[in-house]
>>> print(open('protein.cif').read())   # mmCIF, C-alpha atoms and all ligand atoms
data_start
loop_
_atom_site.label_atom_id
_atom_site.label_comp_id
_atom_site.auth_asym_id
_atom_site.auth_seq_id
_atom_site.Cartn_x
_atom_site.Cartn_y
_atom_site.Cartn_z
CA MET A 1 0.00 0.00 0.00
CA THR A 2 1.27 3.52 -0.81
CA ALA A 3 0.78 6.58 1.40
CA SER A 4 -1.90 8.12 -0.82
CA GLU A 5 -4.10 5.02 -1.14
CA THR A 6 -7.78 5.30 -0.29
CA THR A 7 -9.81 2.55 1.38
CA ARG A 8 -11.23 1.66 -2.03
CA ASP A 9 -7.69 1.30 -3.44
CA THR A 10 -6.62 -0.81 -0.48
CA ASN A 11 -9.62 -3.11 -0.89
CA PHE A 12 -8.95 -3.47 -4.59
CA ARG A 13 -5.27 -4.23 -3.94
CA ALA A 14 -6.24 -6.92 -1.43
CA TYR A 15 -8.69 -8.40 -3.94
CA ALA A 16 -6.07 -8.39 -6.74
CA ARG A 17 -3.37 -9.87 -4.51
CA ASN A 18 -5.63 -12.63 -3.23
CA TRP A 19 -6.84 -13.53 -6.71
CA LEU A 20 -3.28 -13.61 -8.10
CA THR A 21 -2.00 -15.65 -5.17
CA ALA A 22 -4.77 -18.19 -5.70
CA HIS A 23 -4.38 -18.37 -9.49
CA ALA A 24 -0.65 -17.79 -10.09
CA VAL A 25 -0.15 -21.53 -10.61
CA GLU A 26 -2.36 -21.32 -13.70
CA ALA A 27 -0.19 -18.60 -15.32
CA PRO A 28 1.64 -19.68 -18.48
CA THR A 29 5.32 -20.41 -18.10
CA SER A 30 6.06 -20.58 -21.83
CA ASP A 31 5.69 -18.07 -24.67
CA SER A 32 2.83 -20.02 -26.27
CA VAL A 33 0.45 -17.40 -27.64
CA ALA A 34 -2.56 -19.65 -27.04
CA ASP A 35 -1.58 -20.04 -23.36
CA ARG A 36 -0.85 -16.33 -23.00
CA MET A 37 -4.25 -15.46 -24.49
CA ALA A 38 -6.03 -17.98 -22.24
CA TRP A 39 -4.33 -16.27 -19.28
CA GLN A 40 -5.37 -12.87 -20.66
CA GLY A 41 -8.94 -14.18 -20.58
CA ARG A 42 -8.49 -15.26 -16.95
CA LEU A 43 -7.17 -11.80 -16.02
CA GLY A 44 -10.08 -10.27 -17.96
CA SER A 45 -12.74 -12.26 -16.13
CA ALA A 46 -11.05 -11.40 -12.81
CA GLY A 47 -11.23 -7.70 -13.76
CA LEU A 48 -7.45 -7.22 -13.58
CA ILE A 49 -7.20 -5.93 -17.16
CA GLY A 50 -9.65 -3.55 -18.81
CA VAL A 51 -10.05 -2.20 -15.27
CA ARG A 52 -11.16 1.25 -16.50
CA TRP A 53 -13.42 0.06 -19.32
CA PRO A 54 -17.12 0.56 -18.66
CA VAL A 55 -18.98 -2.46 -17.29
CA GLU A 56 -21.18 -2.63 -20.43
CA ASP A 57 -18.01 -3.08 -22.51
CA GLY A 58 -16.88 -5.99 -20.34
CA GLY A 59 -14.63 -3.93 -18.05
CA ARG A 60 -14.73 -3.12 -14.35
CA GLY A 61 -15.72 0.56 -14.61
CA LEU A 62 -13.03 1.60 -12.11
CA GLY A 63 -10.41 4.38 -12.19
CA PHE A 64 -6.77 4.93 -13.07
CA ASP A 65 -5.71 4.08 -9.51
CA GLU A 66 -7.18 0.61 -9.65
CA ALA A 67 -5.74 0.06 -13.15
CA LEU A 68 -2.29 0.92 -11.83
CA ILE A 69 -2.77 -1.23 -8.74
CA ALA A 70 -3.74 -4.19 -10.94
CA ASN A 71 -0.52 -3.70 -12.98
CA GLU A 72 1.57 -3.47 -9.81
CA GLU A 73 0.06 -6.62 -8.36
CA ILE A 74 0.51 -8.57 -11.61
CA GLU A 75 4.16 -7.51 -11.59
CA ARG A 76 4.51 -8.37 -7.91
CA ALA A 77 3.03 -11.84 -8.48
CA CYS A 78 5.68 -12.45 -11.19
CA VAL A 79 3.04 -13.57 -13.69
CA PRO A 80 2.59 -12.29 -17.25
CA GLY A 81 0.05 -9.55 -17.95
CA ALA A 82 -2.07 -9.28 -21.09
CA PHE A 83 -0.46 -10.67 -24.23
CA ASP A 84 -2.41 -8.33 -26.51
CA VAL A 85 -1.25 -5.03 -25.04
CA ILE A 86 -2.34 -3.25 -28.22
CA GLY A 87 -5.94 -4.43 -27.78
CA VAL A 88 -6.09 -4.02 -24.01
CA GLU A 89 -4.12 -0.80 -23.49
CA ILE A 90 -4.38 1.09 -26.78
CA PHE A 91 -7.36 0.25 -28.97
CA GLY A 92 -9.70 -0.88 -26.18
CA PRO A 93 -9.68 2.53 -24.45
CA THR A 94 -9.75 4.27 -27.86
CA PHE A 95 -12.85 2.31 -28.88
CA VAL A 96 -14.52 3.06 -25.55
CA GLN A 97 -14.15 6.75 -26.41
CA GLU A 98 -14.55 6.80 -30.17
CA ALA A 99 -16.25 3.69 -31.63
CA SER A 100 -19.97 3.15 -32.26
CA ALA A 101 -22.07 1.16 -29.79
CA ALA A 102 -22.21 -1.74 -32.27
CA GLN A 103 -18.41 -1.74 -32.67
CA ARG A 104 -17.88 -1.62 -28.92
CA ALA A 105 -20.24 -4.57 -28.43
CA ARG A 106 -18.57 -6.55 -31.22
CA TYR A 107 -14.89 -5.89 -30.54
CA LEU A 108 -14.32 -5.05 -26.86
CA PRO A 109 -15.54 -8.11 -24.87
CA PRO A 110 -13.51 -10.64 -26.95
CA ILE A 111 -10.32 -8.71 -26.11
CA LEU A 112 -10.89 -9.18 -22.39
CA ARG A 113 -11.96 -12.79 -22.91
CA GLY A 114 -8.59 -13.38 -24.61
CA GLU A 115 -10.30 -14.49 -27.81
CA GLU A 116 -9.13 -11.91 -30.37
CA ILE A 117 -5.80 -10.18 -30.96
CA TRP A 118 -5.28 -6.72 -32.45
CA CYS A 119 -2.49 -5.00 -34.34
CA GLN A 120 -1.79 -1.38 -35.17
CA LEU A 121 -1.56 -0.73 -38.91
CA TYR A 122 -0.19 2.82 -38.78
CA SER A 123 3.54 3.07 -39.69
CA GLU A 124 4.68 2.76 -43.29
CA PRO A 125 8.11 2.59 -44.93
CA SER A 126 8.00 6.34 -45.62
CA ALA A 127 5.80 7.45 -42.71
CA GLY A 128 6.81 6.84 -39.10
CA SER A 129 7.46 10.02 -37.15
CA ASP A 130 5.62 11.89 -39.90
CA LEU A 131 2.66 9.54 -39.54
CA ALA A 132 0.25 11.87 -41.35
CA GLY A 133 2.36 11.24 -44.47
CA ILE A 134 0.97 7.70 -44.94
CA ARG A 135 0.28 6.57 -48.50
CA THR A 136 -1.97 3.51 -48.07
CA ARG A 137 -5.16 4.40 -49.95
CA ALA A 138 -8.79 3.42 -49.42
CA ARG A 139 -11.20 3.94 -52.33
CA PRO A 140 -14.97 3.58 -52.14
CA SER A 141 -16.17 0.51 -54.02
CA GLY A 142 -19.56 1.99 -54.86
CA ASP A 143 -21.62 -0.34 -52.66
CA GLY A 144 -20.62 1.21 -49.32
CA SER A 145 -17.49 -0.94 -48.95
CA TRP A 146 -13.92 0.36 -49.19
CA ILE A 147 -10.93 -1.11 -51.04
CA ILE A 148 -7.58 -0.69 -49.26
CA SER A 149 -4.15 -0.88 -50.94
CA GLY A 150 -0.73 -0.12 -49.56
CA GLN A 151 2.03 -1.31 -47.23
CA LYS A 152 2.46 -1.08 -43.49
CA VAL A 153 5.60 -1.89 -41.52
CA TRP A 154 6.74 -2.50 -37.92
CA THR A 155 3.36 -4.12 -37.24
CA THR A 156 3.72 -5.83 -33.86
CA ASN A 157 1.79 -9.12 -33.53
CA ALA A 158 0.33 -8.95 -37.07
CA GLN A 159 1.24 -12.64 -37.44
CA TYR A 160 -1.23 -13.54 -34.68
CA ALA A 161 -3.78 -10.78 -35.09
CA ASP A 162 -7.45 -11.23 -35.89
CA PHE A 163 -7.94 -7.52 -36.55
CA GLY A 164 -5.85 -4.48 -37.38
CA LEU A 165 -6.86 -0.87 -37.04
CA ALA A 166 -5.56 0.74 -40.24
CA LEU A 167 -4.90 4.43 -40.77
CA VAL A 168 -5.41 5.06 -44.49
CA ARG A 169 -5.78 7.96 -46.89
CA THR A 170 -9.30 8.43 -48.22
CA ASP A 171 -8.78 11.88 -49.76
CA PRO A 172 -5.40 12.87 -51.23
CA ASP A 173 -6.68 16.26 -52.37
CA VAL A 174 -6.89 17.87 -48.94
CA PRO A 175 -4.03 18.72 -46.53
CA LYS A 176 -2.39 15.59 -45.19
CA HIS A 177 -4.00 15.42 -41.74
CA SER A 178 -7.51 15.95 -43.11
CA GLY A 179 -7.72 13.09 -45.60
CA LEU A 180 -7.12 10.22 -43.17
CA THR A 181 -9.59 7.59 -42.00
CA LEU A 182 -9.49 4.54 -39.69
CA PHE A 183 -10.87 1.14 -40.70
CA VAL A 184 -10.95 -2.19 -38.90
CA VAL A 185 -9.25 -4.75 -41.16
CA PRO A 186 -9.90 -8.46 -40.51
CA MET A 187 -6.37 -9.82 -40.86
CA LYS A 188 -7.52 -13.05 -42.54
CA SER A 189 -9.17 -11.11 -45.39
CA PRO A 190 -8.14 -11.92 -48.96
CA GLY A 191 -5.34 -9.53 -50.00
CA VAL A 192 -3.66 -9.28 -46.55
CA THR A 193 -0.08 -10.65 -46.53
CA VAL A 194 2.02 -10.64 -43.36
CA ARG A 195 5.79 -11.03 -43.58
CA GLY A 196 7.91 -11.26 -40.41
CA LEU A 197 10.95 -9.05 -39.71
CA ARG A 198 13.69 -10.69 -37.63
CA GLN A 199 15.25 -8.57 -34.84
CA ILE A 200 18.65 -8.67 -33.13
CA SER A 201 16.92 -10.42 -30.18
CA GLY A 202 16.21 -13.33 -32.52
CA GLU A 203 12.46 -12.79 -32.27
CA ALA A 204 10.27 -11.70 -35.14
CA GLU A 205 7.65 -9.65 -33.33
CA PHE A 206 7.24 -7.10 -36.09
CA ASN A 207 6.01 -7.53 -39.58
CA GLU A 208 5.52 -5.93 -42.91
CA VAL A 209 1.86 -6.06 -43.88
CA PHE A 210 0.85 -5.79 -47.53
CA LEU A 211 -2.72 -4.77 -48.28
CA ASP A 212 -3.67 -5.61 -51.87
CA ASP A 213 -7.21 -4.51 -52.71
CA VAL A 214 -8.52 -5.59 -49.33
CA VAL A 215 -12.27 -5.03 -49.15
CA VAL A 216 -13.77 -3.86 -45.85
CA GLY A 217 -17.46 -3.24 -45.22
CA PRO A 218 -19.08 0.06 -44.17
CA ASP A 219 -19.27 -1.18 -40.57
CA SER A 220 -15.44 -1.22 -40.49
CA LEU A 221 -15.26 2.57 -40.45
CA VAL A 222 -14.24 3.90 -37.02
CA GLY A 223 -15.34 7.52 -36.57
CA THR A 224 -15.92 9.47 -39.76
CA ILE A 225 -14.39 9.58 -43.21
CA GLY A 226 -11.57 12.12 -42.93
CA GLY A 227 -11.73 12.04 -39.12
CA GLY A 228 -9.03 9.41 -38.62
CA TRP A 229 -6.20 11.66 -37.48
CA LYS A 230 -7.88 12.83 -34.27
CA ILE A 231 -8.74 9.25 -33.26
CA ALA A 232 -5.26 8.01 -34.17
CA LEU A 233 -3.82 10.71 -31.87
CA THR A 234 -6.11 9.51 -29.07
CA SER A 235 -4.79 5.98 -29.54
CA LEU A 236 -1.18 7.23 -29.53
CA MET A 237 -1.89 9.05 -26.28
CA PHE A 238 -3.09 5.77 -24.72
CA GLU A 239 0.05 4.07 -26.09
CA ARG A 240 2.31 6.63 -24.38
CA PHE A 241 0.31 6.45 -21.15
CA SER A 242 0.67 2.71 -21.05
CA MET A 243 4.41 3.00 -21.63
CA SER A 244 5.14 5.79 -19.15
CA LEU A 245 2.74 4.63 -16.43
CA GLY A 246 3.58 1.03 -17.19
CA GLY A 247 7.27 1.01 -16.21
CA GLU A 248 6.20 -1.26 -13.38
CA GLY A 249 4.40 -3.61 -15.74
CA MET A 250 7.41 -3.65 -18.07
CA ALA A 251 9.53 -4.88 -15.14
CA LEU A 252 11.81 -1.85 -15.36
CA ARG A 253 11.88 -1.12 -11.66
CA ALA A 254 15.08 -0.05 -9.94
CA GLU A 255 14.89 -3.12 -7.66
CA ARG A 256 15.11 -5.44 -10.65
CA PHE A 257 18.44 -3.93 -11.67
CA ALA A 258 19.72 -3.94 -8.09
CA ARG A 259 18.69 -7.60 -7.67
CA ALA A 260 20.88 -8.58 -10.62
CA PHE A 261 23.90 -7.81 -8.43
CA THR A 262 22.91 -9.67 -5.26
CA ASP A 263 25.32 -12.51 -6.07
CA PHE A 264 28.20 -10.01 -6.14
CA PRO A 265 28.41 -8.43 -2.65
CA GLU A 266 31.91 -7.18 -3.48
CA LEU A 267 30.34 -4.64 -5.83
CA VAL A 268 29.41 -2.53 -2.81
CA ASP A 269 33.09 -1.49 -2.80
CA ARG A 270 32.95 -0.40 -6.43
CA PRO A 271 31.92 3.28 -6.33
CA ASP A 272 31.75 3.41 -10.14
CA VAL A 273 29.11 0.64 -10.23
CA MET A 274 27.25 1.94 -7.18
CA SER A 275 27.04 5.50 -8.48
CA ARG A 276 25.74 4.34 -11.86
CA LEU A 277 23.19 2.13 -10.13
CA GLY A 278 22.19 5.11 -7.97
CA GLU A 279 21.65 7.30 -11.03
CA ILE A 280 19.57 4.64 -12.76
CA GLY A 281 17.55 4.09 -9.58
CA SER A 282 16.89 7.81 -9.12
CA ASP A 283 15.80 8.22 -12.76
CA LEU A 284 13.39 5.29 -12.48
CA LEU A 285 12.09 6.63 -9.20
CA ALA A 286 11.59 10.06 -10.82
CA VAL A 287 9.56 8.41 -13.59
CA ALA A 288 7.44 6.57 -11.00
CA LEU A 289 6.81 9.81 -9.07
CA SER A 290 6.02 11.69 -12.24
CA GLY A 291 3.58 8.88 -13.05
CA SER A 292 1.90 9.46 -9.66
CA ARG A 293 1.59 13.15 -10.50
CA THR A 294 0.02 12.31 -13.85
CA LEU A 295 -2.36 9.98 -12.06
CA ALA A 296 -3.34 12.72 -9.61
CA LEU A 297 -4.23 14.98 -12.56
CA LEU A 298 -6.18 12.27 -14.34
CA ARG A 299 -8.18 11.62 -11.16
CA GLN A 300 -9.34 15.25 -11.38
CA ASP A 301 -10.07 14.87 -15.12
CA VAL A 302 -7.17 17.21 -15.96
CA MET A 303 -5.28 16.28 -19.12
CA PRO A 304 -1.55 15.99 -18.30
CA SER A 305 0.89 18.25 -20.14
CA PRO A 306 2.76 16.88 -23.18
CA SER A 307 5.80 16.85 -20.90
CA VAL A 308 4.74 13.32 -19.82
CA GLY A 309 6.49 12.29 -23.05
CA LEU A 310 9.73 12.89 -21.17
CA ASP A 311 8.79 10.09 -18.74
CA LYS A 312 9.06 7.63 -21.58
CA VAL A 313 12.39 9.13 -22.71
CA THR A 314 13.79 8.93 -19.16
CA LEU A 315 12.39 5.45 -18.53
CA VAL A 316 13.89 3.96 -21.67
CA ARG A 317 17.25 5.71 -21.21
CA ALA A 318 17.54 4.60 -17.58
CA ALA A 319 16.52 1.04 -18.44
CA MET A 320 19.08 0.92 -21.25
CA ALA A 321 21.77 2.24 -18.89
CA GLY A 322 20.69 -0.49 -16.42
CA GLY A 323 20.96 -3.14 -19.13
CA ASP A 324 24.44 -1.88 -20.08
CA LEU A 325 25.56 -2.00 -16.45
CA VAL A 326 24.21 -5.54 -15.98
CA ALA A 327 25.97 -6.65 -19.17
CA GLU A 328 29.27 -5.11 -18.05
CA VAL A 329 29.15 -6.64 -14.57
CA LEU A 330 27.77 -10.08 -15.43
CA GLY A 331 29.74 -10.31 -18.67
CA PRO A 332 28.61 -12.70 -21.40
CA ASP A 333 26.42 -14.58 -18.87
CA ALA A 334 24.01 -11.65 -19.03
CA LEU A 335 23.19 -12.63 -22.58
CA ALA A 336 23.30 -16.41 -22.17
CA GLU A 337 19.89 -17.72 -23.13
CA PRO A 338 17.69 -19.42 -22.07
CA ASP A 339 18.60 -18.82 -18.41
CA SER A 340 19.31 -15.12 -18.55
CA ASP A 341 16.55 -12.78 -17.40
CA TRP A 342 18.39 -10.07 -19.26
CA ALA A 343 19.10 -11.21 -22.81
CA TYR A 344 15.66 -10.24 -24.07
CA SER A 345 15.50 -6.89 -22.24
CA ILE A 346 18.99 -5.82 -23.30
CA SER A 347 18.38 -6.51 -26.97
CA PHE A 348 14.78 -5.23 -27.00
CA LEU A 349 15.16 -1.98 -25.07
CA PRO A 350 16.83 0.09 -27.81
CA GLY A 351 13.71 -0.45 -29.96
CA LEU A 352 11.61 1.22 -27.28
CA ARG A 353 13.41 4.47 -28.09
CA SER A 354 11.34 4.56 -31.29
CA ALA A 355 8.13 2.79 -30.24
CA GLY A 356 5.35 5.15 -29.21
CA GLY A 357 7.19 8.16 -30.65
CA THR A 358 10.92 8.64 -30.97
CA GLU A 359 12.96 10.56 -28.43
CA GLU A 360 13.56 13.42 -30.88
CA ILE A 361 9.87 13.79 -31.71
CA LEU A 362 8.83 13.73 -28.05
CA LYS A 363 11.45 16.38 -27.28
CA ASN A 364 10.27 18.49 -30.23
CA THR A 365 6.74 18.33 -28.84
CA VAL A 366 7.90 19.42 -25.40
CA GLY A 367 10.01 22.19 -26.96
CA GLU A 368 7.09 23.57 -28.93
CA ARG A 369 4.12 22.95 -26.66
CA VAL A 370 5.64 23.26 -23.19
CA LEU A 371 8.68 25.51 -23.56
CA GLY A 372 7.17 27.68 -26.32
CA LEU A 373 10.19 27.31 -28.61
CA PRO A 374 9.72 28.21 -32.28
CA PRO A 375 7.92 25.41 -34.16
CA GLU A 376 9.60 23.28 -36.77
CA PRO A 377 9.03 24.58 -40.29
CA ARG A 378 6.04 22.67 -41.70
CA LEU A 379 5.98 23.63 -45.35
CA ASP A 380 3.37 21.00 -46.23
CA LYS A 381 0.85 22.10 -43.62
CA ASN A 382 -1.92 23.58 -45.79
CA VAL A 383 -0.94 21.92 -49.06
CA PRO A 384 -3.18 19.17 -50.54
CA PHE A 385 -1.40 15.86 -49.93
CA SER A 386 -1.35 15.05 -53.67
CA GLN A 387 0.68 18.22 -54.30
CA ILE A 388 3.40 17.58 -51.71
CA PRO A 389 6.62 16.81 -53.60
CA THR A 390 7.93 13.33 -52.86
CA GLY A 391 11.64 12.37 -52.63
CA GLY A 392 13.41 12.79 -55.93
CA SER A 393 10.72 14.94 -57.56
C1 LIG B 401 9.28 -1.86 -30.60
C2 LIG B 401 8.50 -1.18 -31.68
C3 LIG B 401 7.18 -1.55 -31.92
C4 LIG B 401 6.45 -0.91 -32.91
N1 LIG B 401 5.18 -1.35 -33.17
C5 LIG B 401 4.45 -0.72 -34.11
C6 LIG B 401 3.12 -1.18 -34.44
O1 LIG B 401 2.64 -2.19 -33.89
N2 LIG B 401 2.42 -0.52 -35.38
C7 LIG B 401 2.90 0.58 -36.02
O2 LIG B 401 2.18 1.16 -36.83
N3 LIG B 401 4.17 1.03 -35.77
C8 LIG B 401 4.94 0.40 -34.84
N4 LIG B 401 6.24 0.83 -34.57
C9 LIG B 401 6.79 1.91 -35.38
C10 LIG B 401 7.02 3.21 -34.60
O3 LIG B 401 5.82 3.88 -34.40
C11 LIG B 401 8.01 4.01 -35.46
O4 LIG B 401 9.26 3.35 -35.36
C12 LIG B 401 8.17 5.41 -35.00
O5 LIG B 401 7.00 6.16 -35.24
C13 LIG B 401 9.35 6.09 -35.75
O6 LIG B 401 9.18 5.98 -37.11
P1 LIG B 401 10.35 5.41 -38.05
O7 LIG B 401 10.86 4.14 -37.46
O8 LIG B 401 9.82 5.39 -39.45
O9 LIG B 401 11.52 6.46 -37.93
P2 LIG B 401 11.68 7.83 -38.70
O10 LIG B 401 10.43 8.64 -38.54
O11 LIG B 401 12.15 7.58 -40.07
O12 LIG B 401 12.82 8.50 -37.86
C14 LIG B 401 14.18 8.13 -38.00
C15 LIG B 401 15.01 9.00 -37.07
O13 LIG B 401 14.85 10.39 -37.46
C16 LIG B 401 14.39 11.15 -36.35
N5 LIG B 401 13.44 12.20 -36.81
C17 LIG B 401 12.41 12.02 -37.66
N6 LIG B 401 11.74 13.20 -37.81
C18 LIG B 401 12.39 14.11 -37.03
C19 LIG B 401 12.19 15.49 -36.77
N7 LIG B 401 11.17 16.18 -37.32
N8 LIG B 401 13.05 16.11 -35.92
C20 LIG B 401 14.08 15.43 -35.33
N9 LIG B 401 14.32 14.12 -35.56
C21 LIG B 401 13.49 13.47 -36.40
C22 LIG B 401 13.66 10.18 -35.45
O14 LIG B 401 13.60 10.63 -34.12
C23 LIG B 401 14.52 8.92 -35.61
O15 LIG B 401 15.65 8.99 -34.77
C24 LIG B 401 7.01 0.17 -33.63
C25 LIG B 401 8.34 0.53 -33.41
C26 LIG B 401 9.09 -0.14 -32.46
C27 LIG B 401 10.52 0.23 -32.28
#
>>> encode(input="protein.cif", output="structure tokens")
Amino acid sequence: MTASETTRDTNFRAYARNWLTAHAVEAPTSDSVADRMAWQGRLGSAGLIGVRWPVEDGGRGLGFDEALIANEEIERACVPGAFDVIGVEIFGPTFVQEASAAQRARYLPPILRGEEIWCQLYSEPSAGSDLAGIRTRARPSGDGSWIISGQKVWTTNAQYADFGLALVRTDPDVPKHSGLTLFVVPMKSPGVTVRGLRQISGEAEFNEVFLDDVVVGPDSLVGTIGGGWKIALTSLMFERFSMSLGGEGMALRAERFARAFTDFPELVDRPDVMSRLGEIGSDLLAVALSGSRTLALLRQDVMPSPSVGLDKVTLVRAAMAGGDLVAEVLGPDALAEPDSDWAYSISFLPGLRSAGGTEEILKNTVGERVLGLPPEPRLDKNVPFSQIPTGGS
């Protein structure tokens, strides 16, 4: 229990802890996606994920505090959380806010039951940081359906996904942010091809996704035609929240790094190691405290400042510094799979510098919107997308 917890929080923590203690033996111990999804369903029916979703959408209808407590208790119980973080943490809350009642009824409960997996079809080979520059097109078919063609990249979990939420261009003749629309794409539709991309960690979590004349029905439209950018931004905000408030859930706590050294008591006499560990610990603590401040604002329905983006920057930098320190002290053993707790984190963490917005872009946002620095030149701002010169022209 933390100092600021209310009785309701304390009761919820006790409930979560008891449930996890009783059911931890059922948690999957392998990476099997089927087992992870079955466990996601167990967490969903216990109300330990989707905690903030309304009850009619299958959630618990509770607040940010309880959601954070559930994450903390899952981490404390040393069991996995949701496998489909994109469905549970990003698109679920976005749909609660932005999707039609029929879409909420169709798509939200199966996420919490662990029955359907989602992927985010946003980034493209020539549009990552400049997401509004995407080129995947959707054309009306004439009977109310839409035909989607283009290529996405970096698509986490596309190889398992049942659905993707695709940001596509429906009108190239208006400025780039205005002509974008979001559609739900069933990933088993004819014309969808998923090709894995292998990472340095050895995993292939990301994919290229090719969309060749994929037909989606009118009920696939989320929001309005041309209204996709605002909803995509909402989903990106949930993505950043889950990353900056979720340091606990991502097992990036200071204690985890300190624990790595418990077999080496002699390190206490190494001021170089101890001071680096101290810096990492204080950065991670600062992120946790900043997360509490964000939570306090959210409780009062106050939108946090864009400066929360710096939490993610600090979290990832500190965790990478922690990984480097572990690798230096433990030597090659730190990377020896399958026993190492660290091999995956050390090779995966650098990717988190880009996921959910790169460090440079987050800093640009803080510079412009918090510090009031002059904005970047945006020469394409009011120009119809079709008239923006492309590379080489
Ligand atoms: C772990 C991981 C998971 C991901 N999962 C998904 C997913 O499921 N779905 C999805 O759609 N995408 C996903 N992405 C993609 C992610 O959103 C992009 O990597 C990110 O938006 C950056 O785009 P980019 O890789 O094209 O880099 P670019 O935009 O090409 O940037 C390259 C470099 O240039 C810098 N840069 C670019 N513009 C500026 C500027 N204006 N000022 C200063 N510097 C600049 C960037 O900071 C970066 O260092 C994932 C990425 C990672 C790493």
>>> residues_near_ligand(input="protein.cif", ligand="ligand LIG 401 (chain B)", cutoff="9 Å", atoms="all atoms listed in the file", output="ChimeraX atom specification")
/A:86,119-131,152-158,166-167,205-207,348-364,376
>>> atom_distance(input="protein.cif", atom1="CA of Ser201 in chain A", atom2="CA of Glu328 in chain A")
18.1 Å
>>> residues_around(input="protein.cif", residues="Arg299 in chain A", least_positions_apart="2", cutoff="9 Å", atoms="only C-alpha atoms", output="list in words")
Gly63, Phe64, Asp65, Thr294, Leu295, Ala296, Leu297, Asp301 and Val302 of chain A
>>> residues_around(input="protein.cif", residues="range 31-33 of chain A", least_positions_apart="3", cutoff="9 Å", atoms="only C-alpha atoms", output="list in words")
Pro28, Arg36, Met37, Ala38, Phe83 and Tyr160 of chain A
>>> axis_aligned_box(input="protein.cif", around="range 93-101 of chain A", padding_each_side="3 Å", output="lines of an AutoDock Vina configuration file")
center_x = -15.9
center_y = 4.0
center_z = -28.4
size_x = 18.4
size_y = 11.6
size_z = 13.8
>>> residues_around(input="protein.cif", residues="range 105-107 of chain A", least_positions_apart="2", cutoff="9 Å", atoms="only C-alpha atoms", output="list in words")
Glu56, Asp57, Gly58, Gly92, Phe95, Ser100, Ala101, Ala102, Gln103, Pro109, Pro110, Ile111 and Glu116 of chain A
>>> residues_near_point(input="protein.cif", point="(-7.0, 8.4, -40.3)", cutoff="8 Å", atoms="only C-alpha atoms", output="tab-separated table (two decimals) with C-alpha atoms, keeping the file's coordinate frame")
chain	number	residue	atom	x	y	z
A	166	ALA	CA	-5.56	0.74	-40.24
A	167	LEU	CA	-4.90	4.43	-40.77
A	168	VAL	CA	-5.41	5.06	-44.49
A	169	ARG	CA	-5.78	7.96	-46.89
A	177	HIS	CA	-4.00	15.42	-41.74
A	179	GLY	CA	-7.72	13.09	-45.60
A	180	LEU	CA	-7.12	10.22	-43.17
A	181	THR	CA	-9.59	7.59	-42.00
A	182	LEU	CA	-9.49	4.54	-39.69
A	226	GLY	CA	-11.57	12.12	-42.93
A	227	GLY	CA	-11.73	12.04	-39.12
A	228	GLY	CA	-9.03	9.41	-38.62
A	229	TRP	CA	-6.20	11.66	-37.48
A	230	LYS	CA	-7.88	12.83	-34.27
A	231	ILE	CA	-8.74	9.25	-33.26
A	232	ALA	CA	-5.26	8.01	-34.17
>>> closest_atom_pairs(input="protein.cif", of="range 217-296 of chain A", to="range 186-199 of chain A", cutoff="12 Å", atoms="only C-alpha atoms", output="Markdown table")
| residue | atom | partner | partner_atom | distance |
| --- | --- | --- | --- | --- |
| A:Gly217 | CA | A:Pro186 | CA | 10.3 |
| A:Asp219 | CA | A:Pro186 | CA | 11.9 |
| A:Ser220 | CA | A:Pro186 | CA | 9.1 |
>>> closest_residue(input="protein.cif", among="A:Gly142, A:Gly223, A:Pro304, A:Pro218", to="Thr94 in chain A", atoms="only C-alpha atoms")
A:Gly223
>>> residues_around(input="protein.cif", residues="range 272-274 of chain A", least_positions_apart="3", cutoff="10 Å", atoms="all atoms listed in the file", output="list in words")
Ala258, Leu267, Val268, Asp269, Leu277, Gly278, Glu279, Ile280, Leu325, Val326, Glu328 and Val329 of chain A
>>> residues_around(input="protein.cif", residues="range 381-387 of chain A", least_positions_apart="2", cutoff="7 Å", atoms="all atoms listed in the file", output="PyMOL selection string")
chain A and resi 172-176+378-379+389
>>> closest_residue(input="protein.cif", among="A:Ala132, A:Ala334, A:Val222, A:Ala34", to="Glu115 in chain A", atoms="all atoms listed in the file")
A:Ala34
>>> atom_distance(input="protein.cif", atom1="CA of Arg240 in chain A", atom2="CA of Ile148 in chain A")
27.8 Å
>>> closest_residue(input="protein.cif", among="A:Asp341, A:Asp263, A:Asp171, A:Glu5", to="Ile225 in chain A", atoms="all atoms listed in the file")
A:Asp171
>>> closest_residue(input="protein.cif", among="A:Ala286, A:Gln151, A:Pro375, A:Trp342", to="Val209 in chain A", atoms="all atoms listed in the file")
A:Gln151
>>> closest_residue(input="protein.cif", among="A:Leu289, A:Leu284, A:Leu165, A:Ala24", to="Val313 in chain A", atoms="all atoms listed in the file")
A:Leu284
>>> closest_residue(input="protein.cif", among="A:Gly281, A:Gly61, A:Gly372, A:Pro80", to="Trp39 in chain A", atoms="all atoms listed in the file")
A:Pro80
